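Asks: Input protein.txt, format and content: compact mmCIF, C-alpha atoms.
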```txt
# COMPACT_ATOMS: atom_id res chain seq x y z
CA MET C 528 16.52 -11.91 -5.03
CA ASP C 529 13.69 -14.35 -5.79
CA SER C 530 11.11 -14.30 -8.58
CA HIS C 531 8.41 -12.99 -6.21
CA PHE C 532 10.49 -9.84 -5.64
CA LEU C 533 11.71 -9.48 -9.23
CA LEU C 534 8.25 -9.89 -10.78
CA ARG C 535 6.88 -7.12 -8.53
CA ARG C 536 9.76 -4.81 -9.37
CA ILE C 537 9.26 -5.49 -13.10
CA HIS C 538 5.54 -4.82 -12.58
CA SER C 539 6.41 -1.43 -11.09
CA LEU C 540 8.87 -0.64 -13.90
CA THR C 541 6.66 -1.72 -16.82
CA GLY C 542 3.85 0.48 -15.50
CA VAL C 543 5.96 3.57 -16.19
CA VAL C 544 8.31 2.38 -18.94
CA PRO C 545 7.00 1.48 -21.48
CA VAL C 546 3.25 1.29 -20.72
CA GLY C 547 2.96 4.72 -19.10
CA LEU C 548 5.04 6.43 -21.76
CA PHE C 549 2.93 4.74 -24.45
CA LEU C 550 -0.19 6.18 -22.79
CA VAL C 551 1.28 9.69 -22.98
CA TYR C 552 2.23 9.20 -26.66
CA HIS C 553 -1.21 7.73 -27.39
CA LEU C 554 -3.00 10.69 -25.77
CA TYR C 555 -0.73 13.07 -27.70
CA LEU C 556 -1.77 11.45 -31.01
CA GLN C 557 -5.44 11.96 -30.12
CA LEU C 558 -4.95 15.74 -30.17
CA TYR C 559 -4.81 15.37 -34.01
CA LEU C 560 -8.57 14.65 -33.86
CA HIS C 561 -8.97 18.44 -33.93
CA TYR C 562 -7.29 18.57 -37.37
CA GLY C 563 -9.90 16.48 -39.11
CA ALA C 564 -10.16 13.02 -40.65
CA GLU C 565 -7.36 13.18 -43.22
CA ILE C 566 -4.58 14.48 -41.01
CA TYR C 567 -5.60 12.27 -38.06
CA ASN C 568 -5.74 9.10 -40.19
CA ASN C 569 -2.40 9.94 -41.83
CA GLU C 570 -0.79 10.60 -38.48
CA VAL C 571 -1.96 7.24 -37.06
CA ASN C 572 -1.32 5.22 -40.23
CA SER C 573 2.17 6.66 -40.73
CA PHE C 574 3.27 4.80 -37.60
CA TYR C 575 2.49 1.55 -39.40
CA ASP C 576 4.65 2.48 -42.41
CA SER C 577 7.68 1.16 -40.57
CA PRO C 578 8.38 -2.52 -41.27
CA LEU C 579 9.04 -2.91 -37.55
CA ALA C 580 5.77 -1.31 -36.44
CA THR C 581 4.03 -4.53 -35.45
CA TRP C 582 7.14 -5.85 -33.73
CA ALA C 583 7.59 -2.59 -31.87
CA LEU C 584 3.99 -2.71 -30.69
CA VAL C 585 4.25 -6.32 -29.55
CA ILE C 586 7.55 -5.87 -27.71
CA VAL C 587 7.12 -2.35 -26.40
CA VAL C 588 3.39 -2.30 -25.69
CA TYR C 589 1.54 -5.63 -25.78
CA ILE C 590 3.90 -7.87 -23.82
CA PRO C 591 4.66 -5.35 -21.03
CA LEU C 592 0.98 -4.39 -20.85
CA LEU C 593 -0.12 -8.02 -20.65
CA PHE C 594 2.45 -8.72 -17.94
CA HIS C 595 1.50 -5.60 -15.97
CA SER C 596 -2.22 -6.50 -16.20
CA LEU C 597 -1.92 -10.18 -15.29
CA LEU C 598 0.30 -9.62 -12.25
CA GLY C 599 -1.77 -6.56 -11.32
CA VAL C 600 -4.97 -8.62 -11.23
CA LEU C 601 -3.26 -11.09 -8.88
CA LEU C 602 -2.03 -8.25 -6.63
CA VAL C 603 -5.54 -6.83 -6.22
CA PHE C 604 -6.76 -9.94 -4.40
CA GLU C 605 -3.94 -10.47 -1.92
CA ASN C 606 -4.97 -7.88 0.66
CA LYS C 607 -7.46 -7.16 3.43
CA VAL C 608 -10.24 -4.55 3.24
CA GLN C 609 -9.98 -2.22 6.26
CA PRO C 610 -12.45 0.66 5.81
CA SER C 611 -11.95 2.07 9.33
CA TYR C 612 -8.57 3.53 8.31
CA THR C 613 -9.79 6.58 6.42
CA TYR C 614 -6.53 8.11 5.25
CA PHE C 615 -6.00 9.76 1.87
CA SER C 616 -3.11 7.48 0.87
CA HIS C 617 -5.22 4.46 1.77
CA LEU C 618 -7.98 5.78 -0.52
CA LEU C 619 -5.44 6.19 -3.34
CA TYR C 620 -4.25 2.61 -2.67
CA TRP C 621 -7.76 1.29 -3.36
CA LEU C 622 -8.45 3.69 -6.26
CA GLN C 623 -5.24 2.41 -7.86
CA ARG C 624 -6.55 -1.17 -7.68
CA ILE C 625 -10.11 -0.35 -8.76
CA SER C 626 -8.91 1.83 -11.65
CA GLY C 627 -6.47 -0.92 -12.67
CA ILE C 628 -9.29 -3.46 -13.08
CA GLY C 629 -11.53 -0.87 -14.77
CA VAL C 630 -8.82 0.18 -17.22
CA LEU C 631 -8.04 -3.45 -18.06
CA LEU C 632 -11.70 -4.03 -19.01
CA PHE C 633 -11.65 -0.76 -20.97
CA ILE C 634 -8.49 -1.73 -22.85
CA ILE C 635 -10.00 -5.09 -23.84
CA ALA C 636 -13.11 -3.29 -25.18
CA HIS C 637 -10.96 -0.56 -26.77
CA VAL C 638 -8.62 -2.96 -28.58
CA TRP C 639 -11.61 -4.87 -29.89
CA ASN C 640 -13.49 -1.74 -30.92
CA ALA C 641 -10.64 0.24 -32.45
CA LYS C 642 -8.30 -2.45 -33.70
CA LEU C 643 -9.44 -6.07 -33.97
CA GLY C 644 -13.07 -5.33 -34.97
CA PRO C 645 -12.25 -2.99 -37.90
CA TRP C 646 -9.30 -5.22 -38.86
CA ILE C 647 -11.57 -8.27 -39.20
CA ALA C 648 -14.20 -6.20 -40.99
CA GLY C 649 -11.51 -4.92 -43.39
CA THR C 650 -12.24 -1.24 -42.64
CA TRP C 651 -9.08 -0.63 -40.60
CA GLY C 652 -7.30 2.61 -41.52
CA THR C 653 -10.22 5.00 -41.36
CA HIS C 654 -9.76 5.64 -37.65
CA PHE C 655 -11.38 9.04 -37.50
CA GLU C 656 -14.56 7.93 -39.26
CA HIS C 657 -14.77 4.78 -37.16
CA LEU C 658 -14.37 6.67 -33.88
CA SER C 659 -16.67 9.58 -34.71
CA SER C 660 -19.42 7.37 -36.11
CA GLY C 661 -19.25 5.25 -32.95
CA PHE C 662 -19.66 8.38 -30.85
CA ALA C 663 -22.50 9.69 -33.01
CA ASP C 664 -24.49 6.45 -33.04
CA PRO C 665 -28.00 7.36 -31.82
CA GLU C 666 -28.40 4.13 -29.83
CA THR C 667 -24.99 3.17 -28.45
CA GLY C 668 -23.23 6.56 -28.84
CA MET C 669 -23.88 7.75 -25.30
CA LEU C 670 -22.65 4.44 -23.86
CA THR C 671 -19.50 4.53 -26.00
CA LYS C 672 -18.78 8.12 -24.96
CA THR C 673 -19.27 7.30 -21.26
CA VAL C 674 -17.04 4.23 -21.46
CA TYR C 675 -14.32 6.25 -23.23
CA LEU C 676 -14.54 9.09 -20.72
CA LEU C 677 -14.29 6.75 -17.71
CA GLY C 678 -11.65 4.58 -19.35
CA VAL C 679 -9.40 7.52 -20.18
CA LEU C 680 -9.91 9.06 -16.74
CA GLY C 681 -9.08 5.73 -15.07
CA ALA C 682 -5.98 5.20 -17.22
CA VAL C 683 -4.67 8.70 -16.52
CA PHE C 684 -5.30 8.34 -12.77
CA HIS C 685 -3.67 4.92 -12.68
CA PHE C 686 -0.61 6.29 -14.47
CA ALA C 687 -0.30 9.48 -12.41
CA ASN C 688 -0.74 7.73 -9.06
CA GLY C 689 1.52 4.96 -10.30
CA LEU C 690 4.29 7.53 -10.84
CA ASN C 691 3.87 8.49 -7.19
CA THR C 692 4.15 4.92 -5.86
CA PHE C 693 6.94 4.16 -8.35
CA CYS C 694 9.07 6.86 -6.72
CA MET C 695 8.50 5.29 -3.29
CA THR C 696 9.04 1.71 -4.43
CA TRP C 697 12.36 2.47 -6.09
CA GLY C 698 13.49 4.80 -3.33
CA ILE C 699 13.56 7.93 -5.50
CA ALA C 700 11.48 10.01 -3.07
CA LEU C 701 12.77 9.30 0.44
CA THR C 702 11.61 11.86 2.98
CA PRO C 703 7.98 12.83 3.69
CA THR C 704 8.75 16.24 2.15
CA SER C 705 10.03 14.75 -1.10
CA GLN C 706 7.11 12.30 -1.13
CA LYS C 707 4.77 15.30 -0.90
CA ARG C 708 6.60 16.94 -3.80
CA VAL C 709 6.24 13.80 -5.91
CA ARG C 710 2.55 13.60 -5.03
CA SER C 711 2.05 17.22 -6.16
CA PHE C 712 3.90 16.44 -9.37
CA SER C 713 1.79 13.34 -10.06
CA PHE C 714 -1.35 15.40 -9.38
CA LEU C 715 -0.14 17.90 -11.97
CA VAL C 716 0.44 15.05 -14.45
CA PHE C 717 -3.09 13.83 -13.74
CA ILE C 718 -4.61 17.27 -14.40
CA ILE C 719 -2.61 17.92 -17.60
CA LEU C 720 -3.23 14.49 -19.13
CA THR C 721 -6.95 14.55 -18.21
CA ALA C 722 -7.34 18.02 -19.76
CA SER C 723 -5.46 16.93 -22.88
CA ALA C 724 -7.45 13.72 -23.27
CA PHE C 725 -10.84 15.37 -22.73
CA TYR C 726 -9.92 18.21 -25.09
CA ALA C 727 -9.04 15.61 -27.76
CA LEU C 728 -12.33 13.76 -27.29
CA ALA C 729 -14.22 17.07 -27.51
CA ALA C 730 -13.32 17.20 -31.22
CA ILE C 731 -15.69 14.35 -32.05
CA TRP C 732 -18.16 14.66 -29.15
CA MET H 346 -21.42 13.42 30.36
CA SER H 347 -23.28 10.24 31.33
CA ASP H 348 -22.27 8.50 34.54
CA THR H 349 -21.62 5.12 32.90
CA VAL H 350 -19.49 3.90 30.01
CA THR H 351 -20.50 0.98 27.79
CA PHE H 352 -17.87 -1.34 26.37
CA LYS H 353 -18.57 -3.66 23.45
CA ILE H 354 -15.86 -6.31 23.61
CA LYS H 355 -15.05 -9.02 21.09
CA ARG H 356 -14.28 -12.09 23.17
CA GLN H 357 -12.92 -15.52 22.45
CA ASN H 358 -12.50 -18.27 25.05
CA THR H 359 -9.71 -20.31 23.43
CA ALA H 360 -7.48 -20.03 20.40
CA GLU H 361 -9.71 -22.46 18.51
CA SER H 362 -13.19 -21.32 19.60
CA SER H 363 -15.18 -18.75 17.65
CA PRO H 364 -15.42 -15.11 18.79
CA TYR H 365 -18.53 -13.47 20.27
CA TRP H 366 -19.48 -9.96 21.40
CA GLU H 367 -20.30 -9.06 24.97
CA ASN H 368 -21.29 -5.68 26.46
CA PHE H 369 -20.15 -4.31 29.80
CA VAL H 370 -21.39 -1.18 31.57
CA ILE H 371 -19.12 0.39 34.17
CA PRO H 372 -19.26 3.64 36.16
CA TYR H 373 -17.65 6.60 34.39
CA ILE H 374 -14.44 7.86 35.98
CA PRO H 375 -12.90 11.07 34.58
CA ASN H 376 -9.43 10.73 33.00
CA SER H 377 -9.62 6.93 32.93
CA ASN H 378 -8.11 4.90 30.10
CA VAL H 379 -9.06 1.62 28.44
CA ILE H 380 -6.80 -0.46 30.69
CA SER H 381 -8.15 1.08 33.91
CA CYS H 382 -11.68 0.39 32.63
CA LEU H 383 -10.77 -3.23 31.86
CA MET H 384 -9.48 -3.44 35.46
CA ASP H 385 -12.86 -2.10 36.60
CA ILE H 386 -14.66 -4.78 34.60
CA ARG H 387 -12.43 -7.39 36.19
CA THR H 388 -13.40 -6.34 39.73
CA LYS H 389 -17.04 -7.22 38.97
CA PRO H 390 -17.16 -9.36 35.81
CA GLU H 391 -20.84 -8.96 34.94
CA ASN H 392 -22.06 -8.34 31.41
CA SER H 393 -24.77 -5.81 30.53
CA LYS H 394 -27.48 -8.47 30.99
CA GLY H 395 -26.37 -8.95 34.59
CA GLU H 396 -24.89 -12.40 33.96
CA LYS H 397 -21.75 -13.38 35.83
CA VAL H 398 -19.06 -14.15 33.21
CA ALA H 399 -15.38 -14.95 33.12
CA PRO H 400 -13.40 -11.68 33.40
CA VAL H 401 -12.08 -10.19 30.17
CA VAL H 402 -8.36 -10.84 29.77
CA TRP H 403 -5.82 -8.59 28.07
CA ASP H 404 -2.11 -8.13 27.77
CA SER H 405 -0.30 -5.16 29.30
CA ASN H 406 2.93 -4.28 30.95
CA CYS H 407 4.43 -0.79 31.12
CA LEU H 408 1.18 1.26 31.11
CA GLU H 409 3.03 4.23 29.57
CA GLU H 410 2.96 3.42 25.83
CA VAL H 411 6.50 2.12 25.67
CA CYS H 412 6.21 -1.67 25.67
CA GLY H 413 3.49 -2.20 23.05
CA SER H 414 1.89 -5.23 24.70
CA CYS H 415 -1.60 -3.74 25.27
CA THR H 416 -2.10 -2.94 21.58
CA MET H 417 -5.68 -3.64 20.49
CA VAL H 418 -8.30 -2.37 18.07
CA ILE H 419 -10.25 0.41 19.83
CA ASN H 420 -13.29 1.79 17.98
CA GLY H 421 -12.00 0.24 14.76
CA LYS H 422 -8.49 1.71 14.99
CA VAL H 423 -5.41 0.11 16.41
CA HIS H 424 -3.85 1.77 19.47
CA GLN H 425 -2.30 1.06 22.86
CA ALA H 426 -5.08 0.54 25.41
CA CYS H 427 -3.06 2.23 28.18
CA SER H 428 -2.86 5.56 26.36
CA ALA H 429 -6.39 5.42 24.89
CA LEU H 430 -8.24 7.95 27.05
CA ILE H 431 -11.95 7.33 27.68
CA ASP H 432 -12.77 11.06 27.49
CA LYS H 433 -11.44 11.20 23.92
CA LEU H 434 -13.23 8.08 22.63
CA GLU H 435 -16.66 7.81 21.07
CA LYS H 436 -19.14 5.81 23.14
CA PRO H 437 -19.96 2.96 23.28
CA ILE H 438 -16.34 1.88 23.04
CA THR H 439 -15.62 -1.26 21.02
CA LEU H 440 -12.57 -3.34 21.85
CA GLU H 441 -11.26 -6.07 19.56
CA PRO H 442 -8.06 -8.07 19.52
CA MET H 443 -5.73 -7.27 16.61
CA SER H 444 -6.91 -9.08 13.48
CA LYS H 445 -3.50 -9.88 11.97
CA PHE H 446 -2.32 -12.24 14.72
CA PRO H 447 -3.71 -15.48 16.16
CA VAL H 448 -5.91 -14.79 19.19
CA ILE H 449 -4.94 -16.60 22.37
CA ARG H 450 -7.88 -15.43 24.46
CA ASP H 451 -10.17 -12.35 24.46
CA LEU H 452 -7.89 -9.38 23.73
CA ILE H 453 -4.59 -11.28 23.94
CA VAL H 454 -2.89 -12.10 20.64
CA ASP H 455 0.31 -13.88 19.75
CA ARG H 456 2.69 -11.35 18.14
CA SER H 457 5.48 -13.92 17.56
CA ARG H 458 5.39 -13.27 13.82
CA MET H 459 6.71 -9.74 14.41
CA PHE H 460 9.63 -10.97 16.51
CA GLU H 461 10.36 -13.70 13.96
CA ALA H 462 10.47 -10.92 11.33
CA LEU H 463 13.13 -9.09 13.40
CA LYS H 464 15.16 -12.29 13.47
CA LYS H 465 14.77 -12.74 9.71
CA VAL H 466 16.14 -9.26 8.95
CA GLN H 467 18.82 -9.70 11.65
CA ALA H 468 17.80 -6.53 13.47
CA TRP H 469 20.88 -6.48 15.67
CA VAL H 470 24.55 -5.53 15.73
CA THR H 471 26.70 -8.60 15.19
CA ALA H 472 29.55 -8.90 17.68
CA ASP H 473 31.76 -11.85 16.86
CA GLY H 474 33.45 -13.30 19.95
CA TYR H 475 34.20 -11.99 23.45
CA HIS H 476 37.52 -10.28 22.78
CA ASP H 477 37.87 -6.51 23.24
CA LEU H 478 36.99 -4.80 19.97
CA GLY H 479 37.97 -1.38 21.24
CA PRO H 480 35.68 1.64 21.25
CA GLY H 481 33.08 1.80 18.47
CA ASP H 482 33.06 4.53 15.83
CA ARG H 483 31.45 7.83 16.75
CA GLU H 484 28.02 8.46 15.18
CA SER H 485 27.47 11.86 13.57
CA GLN H 486 24.78 14.10 15.02
CA SER H 487 22.65 13.80 11.87
CA ILE H 488 22.68 9.99 11.95
CA GLN H 489 21.94 9.99 15.68
CA GLU H 490 18.82 12.06 15.09
CA VAL H 491 17.42 9.63 12.52
CA ALA H 492 18.50 6.49 14.41
CA TYR H 493 17.02 7.65 17.72
CA LYS H 494 13.57 8.01 16.18
CA LEU H 495 13.78 4.57 14.53
CA SER H 496 14.97 2.99 17.78
CA GLU H 497 11.74 4.01 19.52
CA CYS H 498 9.91 1.17 17.75
CA MET H 499 8.34 -1.15 20.36
CA THR H 500 7.15 -3.83 17.89
CA CYS H 501 3.60 -3.17 19.09
CA GLY H 502 1.97 -4.22 15.82
CA CYS H 503 -0.01 -1.05 14.99
CA CYS H 504 1.70 -0.64 11.59
CA VAL H 505 0.99 -4.19 10.45
CA GLU H 506 -2.54 -4.24 11.90
CA ALA H 507 -3.45 -1.18 9.79
CA CYS H 508 -1.59 -2.47 6.70
CA PRO H 509 -3.92 -3.91 4.03
CA GLN H 510 -1.01 -5.93 2.63
CA TYR H 511 -0.26 -7.76 5.91
CA THR H 512 -2.65 -10.70 6.31
CA GLN H 513 -2.69 -13.95 8.24
CA LYS H 514 -2.46 -15.77 4.89
CA ASN H 515 0.83 -14.25 3.68
CA ASN H 516 4.30 -13.88 5.18
CA PHE H 517 4.93 -10.14 4.75
CA LEU H 518 7.55 -8.95 7.24
CA GLY H 519 5.81 -5.61 7.71
CA ALA H 520 6.84 -1.98 8.20
CA ALA H 521 8.35 -2.39 11.68
CA ALA H 522 10.89 -5.02 10.57
CA ILE H 523 11.73 -3.05 7.39
CA SER H 524 12.34 0.06 9.50
CA GLN H 525 14.57 -1.88 11.94
CA ALA H 526 16.58 -3.24 9.00
CA ARG H 527 17.15 0.38 7.99
CA LEU H 528 18.21 1.29 11.55
CA PHE H 529 20.85 -1.44 11.71
CA ASN H 530 22.02 -0.81 8.13
CA MET H 531 22.84 2.72 9.36
CA HIS H 532 24.88 1.53 12.34
CA HIS H 533 28.69 1.52 12.02
CA THR H 534 29.05 -2.13 13.02
CA GLY H 535 25.53 -3.22 12.10
CA LYS H 536 26.11 -2.27 8.46
CA ASN H 537 28.57 -5.16 8.08
CA ILE H 538 25.68 -7.49 7.29
CA THR H 539 23.67 -5.01 5.20
CA ASP H 540 23.73 -7.37 2.21
CA GLN H 541 22.31 -10.25 4.27
CA ARG H 542 19.45 -8.04 5.48
CA LEU H 543 18.75 -6.87 1.93
CA ASP H 544 18.82 -10.46 0.63
CA THR H 545 16.03 -11.33 3.08
CA LEU H 546 14.07 -8.24 2.09
CA MET H 547 14.39 -9.14 -1.61
CA GLN H 548 12.42 -12.35 -1.16
CA GLU H 549 8.76 -13.23 -0.81
CA GLY H 550 7.43 -11.38 2.23
CA GLY H 551 10.06 -8.66 1.87
CA ILE H 552 9.95 -5.07 0.66
CA SER H 553 8.12 -5.90 -2.59
CA ASP H 554 4.99 -6.88 -0.63
CA CYS H 555 4.49 -3.25 0.40
CA GLY H 556 1.52 -1.76 -1.47
CA ASN H 557 2.11 1.93 -0.59
CA ALA H 558 -1.15 2.31 1.31
CA GLN H 559 0.86 4.23 3.95
CA ASN H 560 -1.51 3.38 6.82
CA CYS H 561 1.55 2.29 8.84
CA VAL H 562 2.94 5.78 9.20
CA GLU H 563 -0.50 7.20 10.06
CA VAL H 564 -1.15 4.82 12.97
CA CYS H 565 2.39 4.53 14.41
CA PRO H 566 2.06 5.65 18.06
CA LYS H 567 5.74 6.67 18.10
CA SER H 568 5.45 8.72 14.85
CA ILE H 569 8.30 6.75 13.29
CA PRO H 570 8.77 7.82 9.64
CA LEU H 571 7.92 4.31 8.38
CA THR H 572 7.27 5.30 4.76
CA GLU H 573 10.68 6.99 4.72
CA SER H 574 12.21 3.74 6.00
CA ILE H 575 10.37 1.73 3.34
CA ALA H 576 11.55 4.13 0.62
CA GLU H 577 15.13 4.02 1.99
CA ILE H 578 15.15 0.21 1.97
CA GLY H 579 13.55 0.43 -1.50
CA ARG H 580 16.54 2.52 -2.58
CA GLN H 581 19.03 0.12 -0.97
CA VAL H 582 17.52 -2.92 -2.73
CA SER H 583 17.38 -0.97 -6.03
CA GLY H 584 21.15 -0.60 -5.73
CA LYS H 585 21.48 -4.26 -4.82
CA ILE H 586 19.51 -5.36 -7.92
CA TRP H 587 22.06 -3.42 -9.97
CA ARG H 588 24.99 -4.98 -8.10
CA ASN H 589 23.47 -8.46 -8.35
CA ILE H 590 23.08 -8.17 -12.12
CA PHE H 591 26.24 -6.32 -13.13
CA LYS H 592 28.74 -6.95 -10.37
CA ALA H 593 28.03 -10.52 -9.29
```
Rewrite the structure of this file - the entire thing - as structure tokens.
Replies:
Amino acid sequence: MDSHFLLRRIHSLTGVVPVGLFLVYHLYLQLYLHYGAEIYNNEVNSFYDSPLATWALVIVVYIPLLFHSLLGVLLVFENKVQPSYTYFSHLLYWLQRISGIGVLLFIIAHVWNAKLGPWIAGTWGTHFEHLSSGFADPETGMLTKTVYLLGVLGAVFHFANGLNTFCMTWGIALTPTSQKRVRSFSFLVFIILTASAFYALAAIW
Amino acid sequence: MSDTVTFKIKRQNTAESSPYWENFVIPYIPNSNVISCLMDIRTKPENSKGEKVAPVVWDSNCLEEVCGSCTMVINGKVHQACSALIDKLEKPITLEPMSKFPVIRDLIVDRSRMFEALKKVQAWVTADGYHDLGPGDRESQSIQEVAYKLSECMTCGCCVEACPQYTQKNNFLGAAAISQARLFNMHHTGKNITDQRLDTLMQEGGISDCGNAQNCVEVCPKSIPLTESIAEIGRQVSGKIWRNIFKA
């Protein structure tokens, strides 16, 4: 059991727990966008009422996410491009890597836009107004909306397909039949989370 | 059907020299395969420009898709040349040596890395000494059925050639070796050194270098359930992580 092996297993684990679960929780919170500014802001801000909120975020989200991203970026460049093998799983293999890079860029932009930017400007706390005014901006609104749409789609795909490969990596789904079942399940997760995320964004479109 | 077949062959004179493409046109013979066509080229080694050239060399042995030695990349996909039928291939037919192994000459590659991988995972049954050990344990029917399929592996290299994770720069053991480790971990006597096999597979180049692209199982000429083997070894090492942390 060397570090090469352990780091890759931790990479696989952190993608689902806690990063993947955080994504699901995060998308769930966004559904409150339909209830208007006050309820949405309260719902988000109430998380920060806990004295451990920042610690929880750092330990449960930021460190695992940073680890998953950094190792993930290294993993993307250690393989060979072989376009003549046109199999569906091979396509998913590349989509997983492309979406990983895309989502990483999106998260950097998203953390800056929704967290660090407002925090520096001293306007942090009015999440709903910040988000909806960004979407409604006559000049950059369309760009922001497109980036959010693609970013969310990429994140949901990366998570759903990651569940599928997680089950193979850890030996949860063994036979081709069970691997097909897991793939159907991860497709269902993809559809449900995409629908939920797009429905949430529709509130401020 | 035209009365000639054109071959576009990636050639290389020595292990160190750089590769080049050469075309050959030979008469079409119904039901021929890539090896029989290469034999035809050898009888009159003339390229499509009419120049006399050194005959194309290749590796082959059994000619019935059991030994794995004639494995090459045919029209972009890896396959045994002996069982690649001309009537089923798109023309012109391109032939390349496998890209994951060092080329020796033309279509001959050095697959030593695959056999070294079998040694690393100890893909054998250990028998200690010459004394009579008595009859071995009986295998159940269900284990026989799985083991027979796995034992058909001929270490041809298709799985690793199609694998995006297996490159000449890394030391990934590849699907074939992982599947053989599973086969011998199932065996009554072979399972005695299960932990040693798993230790090897839990290092750089082992099971964690699999990227789940699943090309291996698609191209395997023997239809060996390689992704099932990878998942099974994945499960065995998952258990071993647990044992290493809490029982060691």
Asks: Using only C-alpha atoms, what residues lie at most 10 Å away from (-9.7, -1.9, -16.3) (file coordinates), given as a list in words?
Replies: Ser596, Val600, Arg624, Ile625, Ser626, Gly627, Ile628, Gly629, Val630, Leu631, Leu632, Phe633, Ile634, Ile635, Ala636, Leu677, Gly678, Gly681, Ala682 and His685 of chain C
Asks: Please identify every residue of chain H that has at least one atom no more than 7 Å from any atom of chain C, counting all atoms listed in the file, and report them as a PDB file with C-alpha atoms, keeping the file's coordinate frame.
Replies:
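File selection_0.pdb, as written:
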```pdb
ATOM      1  CA  GLY H 421     -12.000   0.240  14.760  1.00  0.00           C
ATOM      2  CA  LYS H 422      -8.490   1.710  14.990  1.00  0.00           C
ATOM      3  CA  PRO H 509      -3.920  -3.910   4.030  1.00  0.00           C
ATOM      4  CA  GLN H 510      -1.010  -5.930   2.630  1.00  0.00           C
ATOM      5  CA  THR H 512      -2.650 -10.700   6.310  1.00  0.00           C
ATOM      6  CA  ASP H 544      18.820 -10.460   0.630  1.00  0.00           C
ATOM      7  CA  MET H 547      14.390  -9.140  -1.610  1.00  0.00           C
ATOM      8  CA  GLN H 548      12.420 -12.350  -1.160  1.00  0.00           C
ATOM      9  CA  GLU H 549       8.760 -13.230  -0.810  1.00  0.00           C
ATOM     10  CA  SER H 553       8.120  -5.900  -2.590  1.00  0.00           C
ATOM     11  CA  ASN H 557       2.110   1.930  -0.590  1.00  0.00           C
ATOM     12  CA  ALA H 558      -1.150   2.310   1.310  1.00  0.00           C
ATOM     13  CA  GLN H 559       0.860   4.230   3.950  1.00  0.00           C
ATOM     14  CA  ASN H 560      -1.510   3.380   6.820  1.00  0.00           C
ATOM     15  CA  GLU H 573      10.680   6.990   4.720  1.00  0.00           C
ATOM     16  CA  ALA H 576      11.550   4.130   0.620  1.00  0.00           C
ATOM     17  CA  GLU H 577      15.130   4.020   1.990  1.00  0.00           C
ATOM     18  CA  GLY H 579      13.550   0.430  -1.500  1.00  0.00           C
ATOM     19  CA  ARG H 580      16.540   2.520  -2.580  1.00  0.00           C
ATOM     20  CA  SER H 583      17.380  -0.970  -6.030  1.00  0.00           C
TER      21      SER H 583
END
```
Asks: Could you please determine the separation between CA of Asn392 in chain H and CA of Phe369 in chain H in Å, to one decimal place?
Replies: 4.7 Å
Asks: At a cut-off of 9 Å, using all atoms listed in the file, what residues contact range 652-666 of chain C? Leave out same-chain residues fewer than 2 positions from it and give the result as an MDAnalysis selection string.
Replies: chainID C and resid 560 563:565 567:569 571:572 640:641 645:646 649:650 668:672 731:732
Asks: Dump C-alpha atoms for the selected residues as a PDB file, in the coordinates of the input?
Replies:
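After the write, result.pdb holds the following:
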```pdb
ATOM      1  CA  LEU C 560      -8.570  14.650 -33.860  1.00  0.00           C
ATOM      2  CA  GLY C 563      -9.900  16.480 -39.110  1.00  0.00           C
ATOM      3  CA  ALA C 564     -10.160  13.020 -40.650  1.00  0.00           C
ATOM      4  CA  GLU C 565      -7.360  13.180 -43.220  1.00  0.00           C
ATOM      5  CA  TYR C 567      -5.600  12.270 -38.060  1.00  0.00           C
ATOM      6  CA  ASN C 568      -5.740   9.100 -40.190  1.00  0.00           C
ATOM      7  CA  ASN C 569      -2.400   9.940 -41.830  1.00  0.00           C
ATOM      8  CA  VAL C 571      -1.960   7.240 -37.060  1.00  0.00           C
ATOM      9  CA  ASN C 572      -1.320   5.220 -40.230  1.00  0.00           C
ATOM     10  CA  ASN C 640     -13.490  -1.740 -30.920  1.00  0.00           C
ATOM     11  CA  ALA C 641     -10.640   0.240 -32.450  1.00  0.00           C
ATOM     12  CA  PRO C 645     -12.250  -2.990 -37.900  1.00  0.00           C
ATOM     13  CA  TRP C 646      -9.300  -5.220 -38.860  1.00  0.00           C
ATOM     14  CA  GLY C 649     -11.510  -4.920 -43.390  1.00  0.00           C
ATOM     15  CA  THR C 650     -12.240  -1.240 -42.640  1.00  0.00           C
ATOM     16  CA  GLY C 668     -23.230   6.560 -28.840  1.00  0.00           C
ATOM     17  CA  MET C 669     -23.880   7.750 -25.300  1.00  0.00           C
ATOM     18  CA  LEU C 670     -22.650   4.440 -23.860  1.00  0.00           C
ATOM     19  CA  THR C 671     -19.500   4.530 -26.000  1.00  0.00           C
ATOM     20  CA  LYS C 672     -18.780   8.120 -24.960  1.00  0.00           C
ATOM     21  CA  ILE C 731     -15.690  14.350 -32.050  1.00  0.00           C
ATOM     22  CA  TRP C 732     -18.160  14.660 -29.150  1.00  0.00           C
TER      23      TRP C 732
END
```
Asks: Show me the residues close to (-10.5, -2.3, 14.2) - anything with an atom within 12 Å, counting all atoms listed in the file - and format the list as number ranges by chain.
Replies: C: 608-613; H: 354-355, 416-424, 438-445, 503, 506-508, 564
Asks: CA of Val454 in chain H and CA of Phe352 in chain H are how many Å apart?
Replies: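 Between CA of Val454 in chain H and CA of Phe352 in chain H the gap works out to 19.3 Å.
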Asks: Need the shell around Ile718 in chain C: protein/DNA/RNA residues with any atom at most 12 Å away, counting all atoms listed in the file. Skip same-chain ones fewer than 6 positions apart. Format as a ChimeraX atom specification?
Replies: /C:680,683-684,686-688,711-712,724-726
Asks: One decimal, in Å: what's the spacing between CA of Leu478 in chain H and CA of Ala522 in chain H?
Replies: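 About the pair CA of Leu478 in chain H and CA of Ala522 in chain H: they are 27.7 Å apart.
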